[in-house]
Amino acid sequence: MIGAMFHRLIRKRDGAPDPDTWRSVAAGFAFLDHLDAAGRERLRTLCGRFLERKQISGAAGFEPDETVRLSIAIQACLPIVYLDLAAYEGFVEIVVYPARFLVPREQVDDAGVVHESIDALSGEAMDGGPVVLSWEDTAAEGLDGGTSVVIHEFVHKLDLLDGMADGTPPLPPGRRRRWREVLERSFEWYVAELDELEALIPHTVDPESPAADHWYRQLPLDPYAATDHAEFFAVAAETFFLEPGVLADALPEFYRELALFFRQDPLVAPKEC
Ligand SMILES: [Zn+2]
C-alpha cells in the first residue's frame, strides 16, 4: 500500500515517536501542561531526533523498552524544547539501571586522610561522558515532590557546555554577568535559609533520616541545592519545571533568569484550552 509506505517513510525521516505511544507516555508527565499544541509537537519531534542520536542501554539486567526510552527523552528534551538539540552533542550514551546504583567514592579531608564511601545514586552526568540514570527514579510514577533526575542530569550537561560545572550555562556577556549576580544572591539566600532551618531541627532527630523530612519540606528546594552553584542550578531547574510556583515565590529573580534561558515559562498556561 503506497499510503502506508509513504507514512512509514515520513515517520522514518523525522523519527518522531508513534503518536499513540507518545500520547500514553506524555500523559504521565503533568509538567508538560504549560506547552501549547505547537510546543508539544516540537517536543515530540525533538524526542525523535534525540532518540536517533543517543544510545540508551540497560545495566544490571535492565532492558529499556519504548516507554523507558520515551520517558527519558521527554524529560531530557523539555529544557531544550525552545533551544537547540546541539546542546546535547558531545556524548551519546545513556545508561539505565533498574534502581539506584552504587558508586565508590574517595574523599581526602583537610588532614590528608582518605575517606572511602559507597554512594547510592539516582543519576550522574559525566563531563564528555554518559548520563547514568536509575529507572525507578526516572519513571513518571517515580517522580515525587518536584524532582526529576533526568532534568537534573541534563541541566548539568547544559551547564558543562562551556567546560565548567559552575551553575552558569553559555550566555552572551551581559546576560552572563546578570545570571552570575542573581545566582550568587539566590544561592546565598538559600544557604542561609537552610542553616536557619537546620538550627530548628531537634538534636534528637537525625537530619539524614526520614524524620527530618518534615523540616526540609518547608524549603523551596531540595537541600542538595546548597552543595555548590552547579547543583543549585540543576535542582532549581527541576523545581522550575515541576513546581514552578514554589520557585517563583521563593526566588523570583532566579525564576526569571531560568525562564529567559529556557525560553519558556511553566507558570503561563497555553493560550488554547
Ligand atoms: Zn547534580
# chains A, B, ... in the order shown; residues from 1 in each chain; ligands from 1

call {"tool": "residues_around", "arguments": {"residues": "A:Ala86", "least_positions_apart": "2", "cutoff": "12 Å", "atoms": "only C-alpha atoms", "output": "PyMOL selection string"}}
result
chain A and resi 46+49-50+53+77+80-84+88-92+157-158+161

call {"tool": "write_last_selection", "arguments": {"atoms": "all heavy atoms", "output": "short mmCIF file (atom, residue, chain, number, x, y, z; two decimals), in the first residue's frame"}}
result
data_model
loop_
_atom_site.label_atom_id
_atom_site.label_comp_id
_atom_site.auth_asym_id
_atom_site.auth_seq_id
_atom_site.Cartn_x
_atom_site.Cartn_y
_atom_site.Cartn_z
N LEU A 46 11.46 16.64 18.64
CA LEU A 46 12.78 16.71 19.28
C LEU A 46 13.13 15.38 19.93
O LEU A 46 14.27 14.90 19.84
CB LEU A 46 12.76 17.84 20.32
CG LEU A 46 14.08 18.33 20.86
CD1 LEU A 46 14.96 18.89 19.75
CD2 LEU A 46 13.85 19.43 21.91
N ARG A 49 14.36 12.96 17.34
CA ARG A 49 15.74 13.24 16.91
C ARG A 49 16.72 12.86 18.03
O ARG A 49 17.80 12.33 17.77
CB ARG A 49 15.88 14.71 16.53
CG ARG A 49 15.13 15.02 15.23
CD ARG A 49 15.04 16.51 14.97
NE ARG A 49 16.34 17.16 15.05
CZ ARG A 49 16.51 18.44 15.40
NH1 ARG A 49 15.46 19.17 15.72
NH2 ARG A 49 17.71 18.96 15.45
N PHE A 50 16.33 13.12 19.26
CA PHE A 50 17.16 12.78 20.43
C PHE A 50 17.39 11.26 20.47
O PHE A 50 18.52 10.79 20.62
CB PHE A 50 16.43 13.26 21.69
CG PHE A 50 17.06 12.88 23.00
CD1 PHE A 50 18.04 13.69 23.57
CD2 PHE A 50 16.67 11.73 23.70
CE1 PHE A 50 18.63 13.35 24.79
CE2 PHE A 50 17.24 11.40 24.91
CZ PHE A 50 18.22 12.21 25.46
N ARG A 53 19.82 9.90 18.00
CA ARG A 53 21.23 10.25 18.22
C ARG A 53 21.82 9.64 19.48
O ARG A 53 23.04 9.57 19.62
CB ARG A 53 21.38 11.77 18.30
CG ARG A 53 21.27 12.45 16.95
CD ARG A 53 21.03 13.94 17.13
NE ARG A 53 21.03 14.66 15.87
CZ ARG A 53 20.02 14.63 15.00
NH1 ARG A 53 18.95 13.89 15.24
NH2 ARG A 53 20.09 15.31 13.89
N CYS A 77 14.46 16.42 26.94
CA CYS A 77 14.25 17.42 25.89
C CYS A 77 13.39 18.60 26.34
O CYS A 77 13.43 19.66 25.70
CB CYS A 77 13.63 16.77 24.65
SG CYS A 77 14.77 15.65 23.82
N ILE A 80 15.20 21.87 26.62
CA ILE A 80 15.76 22.45 25.38
C ILE A 80 14.72 22.53 24.27
O ILE A 80 15.08 22.72 23.11
CB ILE A 80 17.00 21.66 24.88
CG1 ILE A 80 16.66 20.17 24.64
CG2 ILE A 80 18.16 21.79 25.86
CD1 ILE A 80 17.61 19.49 23.68
N VAL A 81 13.44 22.43 24.63
CA VAL A 81 12.43 22.39 23.57
C VAL A 81 12.45 23.67 22.73
O VAL A 81 12.15 23.64 21.53
CB VAL A 81 11.02 22.05 24.13
CG1 VAL A 81 10.44 23.15 24.97
CG2 VAL A 81 10.07 21.67 23.02
N TYR A 82 12.84 24.81 23.34
CA TYR A 82 12.95 26.07 22.57
C TYR A 82 14.41 26.47 22.36
O TYR A 82 14.69 27.60 22.02
CB TYR A 82 12.17 27.18 23.27
CG TYR A 82 10.69 26.87 23.32
CD1 TYR A 82 10.06 26.55 24.53
CD2 TYR A 82 9.93 26.85 22.16
CE1 TYR A 82 8.71 26.22 24.57
CE2 TYR A 82 8.58 26.53 22.18
CZ TYR A 82 7.98 26.21 23.38
OH TYR A 82 6.65 25.89 23.40
N LEU A 83 15.32 25.55 22.65
CA LEU A 83 16.74 25.80 22.39
C LEU A 83 17.15 24.95 21.20
O LEU A 83 16.42 24.87 20.23
CB LEU A 83 17.58 25.49 23.65
CG LEU A 83 17.16 26.23 24.93
CD1 LEU A 83 18.00 25.78 26.12
CD2 LEU A 83 17.27 27.73 24.76
N ASP A 84 18.24 24.24 21.31
CA ASP A 84 18.75 23.51 20.16
C ASP A 84 19.26 22.16 20.64
O ASP A 84 19.93 22.08 21.67
CB ASP A 84 19.90 24.34 19.57
CG ASP A 84 20.35 23.80 18.22
OD1 ASP A 84 20.08 22.62 17.91
OD2 ASP A 84 21.01 24.56 17.50
N TYR A 88 23.04 19.02 23.39
CA TYR A 88 23.35 17.70 23.96
C TYR A 88 24.34 16.92 23.11
O TYR A 88 24.47 15.71 23.25
CB TYR A 88 22.06 16.88 24.14
CG TYR A 88 21.12 17.42 25.21
CD1 TYR A 88 19.76 17.11 25.16
CD2 TYR A 88 21.58 18.20 26.25
CE1 TYR A 88 18.88 17.59 26.14
CE2 TYR A 88 20.72 18.68 27.22
CZ TYR A 88 19.36 18.38 27.16
OH TYR A 88 18.51 18.85 28.12
N GLU A 89 25.03 17.61 22.19
CA GLU A 89 26.07 16.91 21.43
C GLU A 89 27.27 16.68 22.35
O GLU A 89 27.38 17.29 23.39
CB GLU A 89 26.49 17.76 20.22
CG GLU A 89 25.61 17.49 19.01
CD GLU A 89 25.90 18.43 17.87
OE1 GLU A 89 26.92 19.14 17.93
OE2 GLU A 89 25.08 18.46 16.94
N GLY A 90 28.18 15.81 21.94
CA GLY A 90 29.39 15.63 22.75
C GLY A 90 29.33 14.38 23.60
O GLY A 90 30.30 14.02 24.24
N PHE A 91 28.17 13.76 23.67
CA PHE A 91 28.08 12.44 24.33
C PHE A 91 26.92 11.70 23.68
O PHE A 91 26.01 12.30 23.12
CB PHE A 91 27.86 12.58 25.84
CG PHE A 91 26.46 12.95 26.21
CD1 PHE A 91 25.56 11.99 26.68
CD2 PHE A 91 26.02 14.25 26.06
CE1 PHE A 91 24.26 12.33 26.98
CE2 PHE A 91 24.71 14.59 26.38
CZ PHE A 91 23.84 13.63 26.85
N VAL A 92 27.00 10.38 23.71
CA VAL A 92 26.00 9.57 23.00
C VAL A 92 25.27 8.64 23.96
O VAL A 92 24.08 8.38 23.83
CB VAL A 92 26.69 8.74 21.89
CG1 VAL A 92 25.75 7.71 21.29
CG2 VAL A 92 27.24 9.66 20.80
N LYS A 157 24.44 18.91 31.91
CA LYS A 157 25.07 18.90 30.57
C LYS A 157 25.04 20.30 29.96
O LYS A 157 25.99 20.71 29.29
CB LYS A 157 24.35 17.90 29.66
CG LYS A 157 24.67 16.44 29.97
CD LYS A 157 26.11 16.10 29.58
CE LYS A 157 26.42 14.63 29.71
NZ LYS A 157 27.87 14.36 29.59
N LEU A 158 23.94 21.05 30.17
CA LEU A 158 23.86 22.42 29.64
C LEU A 158 24.89 23.30 30.35
O LEU A 158 25.56 24.12 29.73
CB LEU A 158 22.45 23.00 29.84
CG LEU A 158 21.31 22.27 29.14
CD1 LEU A 158 19.97 22.93 29.48
CD2 LEU A 158 21.52 22.29 27.63
N LEU A 161 28.42 22.89 29.03
CA LEU A 161 28.70 23.22 27.62
C LEU A 161 29.90 24.16 27.46
O LEU A 161 30.59 24.12 26.46
CB LEU A 161 27.47 23.87 26.97
CG LEU A 161 26.39 22.91 26.49
CD1 LEU A 161 25.16 23.68 26.04
CD2 LEU A 161 26.92 22.05 25.34
#

call {"tool": "residues_near_ligand", "arguments": {"ligand": "ligand 1", "cutoff": "8 Å", "atoms": "only C-alpha atoms and all ligand atoms", "output": "PyMOL selection string"}}
result
chain A and resi 123-125+152-153+156+230-231+234-235

call {"tool": "closest_atom_pairs", "arguments": {"of": "stretch 63-152 of chain A", "to": "stretch 24-43 of chain A", "cutoff": "10 Å", "atoms": "only C-alpha atoms", "output": "CSV"}}
result
residue,atom,partner,partner_atom,distance
A:Glu66,CA,A:Val25,CA,9.4
A:Thr67,CA,A:Val25,CA,6.5
A:Val68,CA,A:Val25,CA,9.1
A:Leu70,CA,A:Val25,CA,7.1
A:Ser71,CA,A:Val25,CA,6.7
A:Ala73,CA,A:Leu43,CA,9.2
A:Ile74,CA,A:Leu43,CA,7.3
A:Gln75,CA,A:Phe29,CA,8.7
A:Cys77,CA,A:Leu43,CA,6.8
A:Leu78,CA,A:Leu43,CA,6.8
A:Pro79,CA,A:Leu43,CA,9.8
A:Ile80,CA,A:Leu43,CA,8.8
A:Val81,CA,A:Leu43,CA,5.7
A:Tyr82,CA,A:Gly39,CA,8.3
A:Ala139,CA,A:Gly28,CA,8.9
A:Ala140,CA,A:Gly28,CA,5.6
A:Glu141,CA,A:Gly28,CA,7.6
A:Leu143,CA,A:Phe29,CA,9.2
A:Gly146,CA,A:Phe31,CA,9.6

call {"tool": "closest_atom_pairs", "arguments": {"of": "stretch 76-176 of chain A", "to": "stretch 216-227 of chain A", "cutoff": "12 Å", "atoms": "only C-alpha atoms", "output": "Markdown table"}}
result
| residue | atom | partner | partner_atom | distance |
| --- | --- | --- | --- | --- |
| A:Asp144 | CA | A:Asp222 | CA | 11.8 |
| A:Gly145 | CA | A:Arg217 | CA | 9.1 |
| A:Gly146 | CA | A:Leu221 | CA | 8.8 |
| A:Thr147 | CA | A:Asp222 | CA | 8.5 |
| A:Ser148 | CA | A:Asp222 | CA | 11.6 |
| A:His152 | CA | A:Ala225 | CA | 10.9 |
| A:Asp166 | CA | A:Thr227 | CA | 11.4 |
| A:Gly167 | CA | A:Ala225 | CA | 10.7 |

call {"tool": "residues_around", "arguments": {"residues": "stretch 178-185 of chain A", "least_positions_apart": "5", "cutoff": "12 Å", "atoms": "only C-alpha atoms", "output": "PyMOL selection string"}}
result
chain A and resi 166-173+190-192+225-226+228-234+236+251-261

call {"tool": "atom_distance", "arguments": {"atom1": "atom CA of A:Ile118", "atom2": "atom CA of A:Ser209"}}
result
17.7 Å

call {"tool": "select_by_dssp", "arguments": {"residues": "stretch 40-247 of chain A", "states": "strand (DSSP E)", "output": "number ranges by chain"}}
result
A: 55-58, 93-97, 101-108, 114-121, 123-125, 131-134

call {"tool": "select_by_dssp", "arguments": {"residues": "stretch 48-134 of chain A", "states": "helix (DSSP H, G or I)", "output": "PyMOL selection string"}}
result
chain A and resi 48-53+66-80+85-88

call {"tool": "write_last_selection", "arguments": {"atoms": "N, CA and C atoms", "output": "tab-separated table (two decimals), in the first residue's frame"}}
result
chain	number	residue	atom	x	y	z
A	48	GLY	N	12.15	12.46	19.02
A	48	GLY	CA	12.51	11.52	17.95
A	48	GLY	C	13.96	11.70	17.54
A	49	ARG	N	14.36	12.96	17.34
A	49	ARG	CA	15.74	13.24	16.91
A	49	ARG	C	16.72	12.86	18.03
A	50	PHE	N	16.33	13.12	19.26
A	50	PHE	CA	17.16	12.78	20.43
A	50	PHE	C	17.39	11.26	20.47
A	51	LEU	N	16.29	10.50	20.31
A	51	LEU	CA	16.40	9.03	20.40
A	51	LEU	C	17.22	8.45	19.25
A	52	GLU	N	17.19	9.14	18.10
A	52	GLU	CA	18.01	8.67	16.97
A	52	GLU	C	19.50	8.86	17.25
A	53	ARG	N	19.82	9.90	18.00
A	53	ARG	CA	21.23	10.25	18.22
A	53	ARG	C	21.82	9.64	19.48
A	66	GLU	N	10.33	0.88	24.92
A	66	GLU	CA	9.95	2.16	24.30
A	66	GLU	C	9.47	3.18	25.34
A	67	THR	N	8.78	2.70	26.38
A	67	THR	CA	8.30	3.61	27.44
A	67	THR	C	9.49	4.23	28.18
A	68	VAL	N	10.47	3.39	28.47
A	68	VAL	CA	11.66	3.88	29.17
A	68	VAL	C	12.36	4.93	28.31
A	69	ARG	N	12.57	4.59	27.03
A	69	ARG	CA	13.30	5.49	26.13
A	69	ARG	C	12.58	6.82	25.98
A	70	LEU	N	11.26	6.74	25.82
A	70	LEU	CA	10.49	7.97	25.63
A	70	LEU	C	10.39	8.80	26.92
A	71	SER	N	10.27	8.12	28.06
A	71	SER	CA	10.21	8.84	29.34
A	71	SER	C	11.49	9.64	29.56
A	72	ILE	N	12.62	9.04	29.20
A	72	ILE	CA	13.91	9.74	29.34
A	72	ILE	C	13.96	10.90	28.34
A	73	ALA	N	13.58	10.61	27.08
A	73	ALA	CA	13.66	11.65	26.04
A	73	ALA	C	12.80	12.86	26.40
A	74	ILE	N	11.57	12.62	26.89
A	74	ILE	CA	10.66	13.72	27.22
A	74	ILE	C	11.28	14.64	28.27
A	75	GLN	N	11.80	14.03	29.34
A	75	GLN	CA	12.33	14.85	30.44
A	75	GLN	C	13.65	15.51	30.03
A	76	ALA	N	14.44	14.81	29.20
A	76	ALA	CA	15.72	15.39	28.76
A	76	ALA	C	15.48	16.55	27.80
A	77	CYS	N	14.46	16.42	26.94
A	77	CYS	CA	14.25	17.42	25.89
A	77	CYS	C	13.39	18.60	26.34
A	78	LEU	N	12.62	18.45	27.42
A	78	LEU	CA	11.79	19.58	27.87
A	78	LEU	C	12.61	20.86	28.08
A	79	PRO	N	13.76	20.80	28.78
A	79	PRO	CA	14.52	22.04	28.98
A	79	PRO	C	15.00	22.68	27.67
A	80	ILE	N	15.20	21.87	26.62
A	80	ILE	CA	15.76	22.45	25.38
A	80	ILE	C	14.72	22.53	24.27
A	85	LEU	N	18.96	21.11	19.87
A	85	LEU	CA	19.42	19.77	20.24
A	85	LEU	C	20.95	19.70	20.28
A	86	ALA	N	21.61	20.62	19.58
A	86	ALA	CA	23.07	20.65	19.58
A	86	ALA	C	23.61	20.78	21.00
A	87	ALA	N	22.77	21.29	21.90
A	87	ALA	CA	23.17	21.45	23.30
A	87	ALA	C	23.58	20.10	23.91
A	88	TYR	N	23.04	19.02	23.39
A	88	TYR	CA	23.35	17.70	23.96
A	88	TYR	C	24.34	16.92	23.11

call {"tool": "residues_around", "arguments": {"residues": "A:Pro244", "least_positions_apart": "2", "cutoff": "10 Å", "atoms": "only C-alpha atoms", "output": "mmCIF file with N, CA, C and O atoms, in the first residue's frame"}}
result
data_model
loop_
_atom_site.group_PDB
_atom_site.id
_atom_site.type_symbol
_atom_site.label_atom_id
_atom_site.label_comp_id
_atom_site.auth_asym_id
_atom_site.auth_seq_id
_atom_site.Cartn_x
_atom_site.Cartn_y
_atom_site.Cartn_z
ATOM 1 N N PHE A 31 3.859 17.938 34.080
ATOM 2 C CA PHE A 31 4.605 19.193 33.906
ATOM 3 C C PHE A 31 4.795 19.599 32.439
ATOM 4 O O PHE A 31 5.501 20.559 32.147
ATOM 5 N N GLY A 146 8.396 17.294 43.118
ATOM 6 C CA GLY A 146 9.138 18.270 42.318
ATOM 7 C C GLY A 146 10.541 17.864 41.913
ATOM 8 O O GLY A 146 11.380 18.717 41.674
ATOM 9 N N ALA A 236 17.336 23.734 41.077
ATOM 10 C CA ALA A 236 16.360 24.809 40.825
ATOM 11 C C ALA A 236 15.640 24.571 39.495
ATOM 12 O O ALA A 236 14.442 24.867 39.369
ATOM 13 N N ALA A 237 16.354 24.031 38.496
ATOM 14 C CA ALA A 237 15.719 23.759 37.203
ATOM 15 C C ALA A 237 14.641 22.675 37.342
ATOM 16 O O ALA A 237 13.580 22.753 36.719
ATOM 17 N N GLU A 238 14.894 21.671 38.194
ATOM 18 C CA GLU A 238 13.863 20.645 38.439
ATOM 19 C C GLU A 238 12.614 21.309 38.998
ATOM 20 O O GLU A 238 11.490 21.046 38.551
ATOM 21 N N THR A 239 12.798 22.169 40.015
ATOM 22 C CA THR A 239 11.661 22.829 40.655
ATOM 23 C C THR A 239 10.980 23.791 39.670
ATOM 24 O O THR A 239 9.762 23.913 39.651
ATOM 25 N N PHE A 240 11.781 24.447 38.825
ATOM 26 C CA PHE A 240 11.250 25.365 37.815
ATOM 27 C C PHE A 240 10.221 24.656 36.925
ATOM 28 O O PHE A 240 9.153 25.177 36.651
ATOM 29 N N PHE A 241 10.548 23.439 36.494
ATOM 30 C CA PHE A 241 9.638 22.726 35.595
ATOM 31 C C PHE A 241 8.520 21.985 36.350
ATOM 32 O O PHE A 241 7.409 21.874 35.857
ATOM 33 N N LEU A 242 8.834 21.440 37.530
ATOM 34 C CA LEU A 242 7.858 20.582 38.207
ATOM 35 C C LEU A 242 6.987 21.316 39.224
ATOM 36 O O LEU A 242 5.830 20.967 39.399
ATOM 37 N N VAL A 246 6.412 27.324 43.374
ATOM 38 C CA VAL A 246 7.252 27.287 44.584
ATOM 39 C C VAL A 246 8.532 28.089 44.349
ATOM 40 O O VAL A 246 8.943 28.908 45.173
ATOM 41 N N LEU A 247 9.157 27.875 43.185
ATOM 42 C CA LEU A 247 10.412 28.582 42.887
ATOM 43 C C LEU A 247 10.158 30.072 42.655
ATOM 44 O O LEU A 247 10.913 30.919 43.143
ATOM 45 N N ALA A 248 9.076 30.391 41.921
ATOM 46 C CA ALA A 248 8.780 31.799 41.614
ATOM 47 C C ALA A 248 8.501 32.580 42.893
ATOM 48 O O ALA A 248 8.869 33.749 43.009
ATOM 49 N N ASP A 249 7.848 31.956 43.877
ATOM 50 C CA ASP A 249 7.546 32.639 45.145
ATOM 51 C C ASP A 249 8.823 32.869 45.953
ATOM 52 O O ASP A 249 9.029 33.928 46.516
ATOM 53 N N TYR A 255 14.051 32.643 39.111
ATOM 54 C CA TYR A 255 12.984 32.085 38.266
ATOM 55 C C TYR A 255 12.984 32.801 36.909
ATOM 56 O O TYR A 255 12.913 32.168 35.853
ATOM 57 N N ASP A 265 7.976 29.635 30.119
ATOM 58 C CA ASP A 265 7.554 29.976 31.479
ATOM 59 C C ASP A 265 6.472 28.987 31.920
ATOM 60 O O ASP A 265 5.325 29.094 31.517
ATOM 61 N N PRO A 266 6.860 28.006 32.753
ATOM 62 C CA PRO A 266 5.900 26.973 33.153
ATOM 63 C C PRO A 266 4.695 27.504 33.930
ATOM 64 O O PRO A 266 3.719 26.782 34.111
ATOM 65 N N LEU A 267 4.738 28.785 34.360
ATOM 66 C CA LEU A 267 3.580 29.332 35.072
ATOM 67 C C LEU A 267 2.541 29.904 34.120
ATOM 68 O O LEU A 267 1.444 30.245 34.523
ATOM 69 N N VAL A 268 2.904 30.032 32.854
ATOM 70 C CA VAL A 268 1.956 30.603 31.893
ATOM 71 C C VAL A 268 1.255 29.456 31.154
ATOM 72 O O VAL A 268 1.896 28.651 30.479
#

call {"tool": "closest_residue", "arguments": {"among": "A:Ser186, A:Ser122, A:Gln107, A:Thr21", "to": "A:Thr138", "atoms": "only C-alpha atoms"}}
result
A:Ser122

call {"tool": "atom_distance", "arguments": {"atom1": "atom CA of A:Ala16", "atom2": "atom CA of A:Pro64"}}
result
18.0 Å
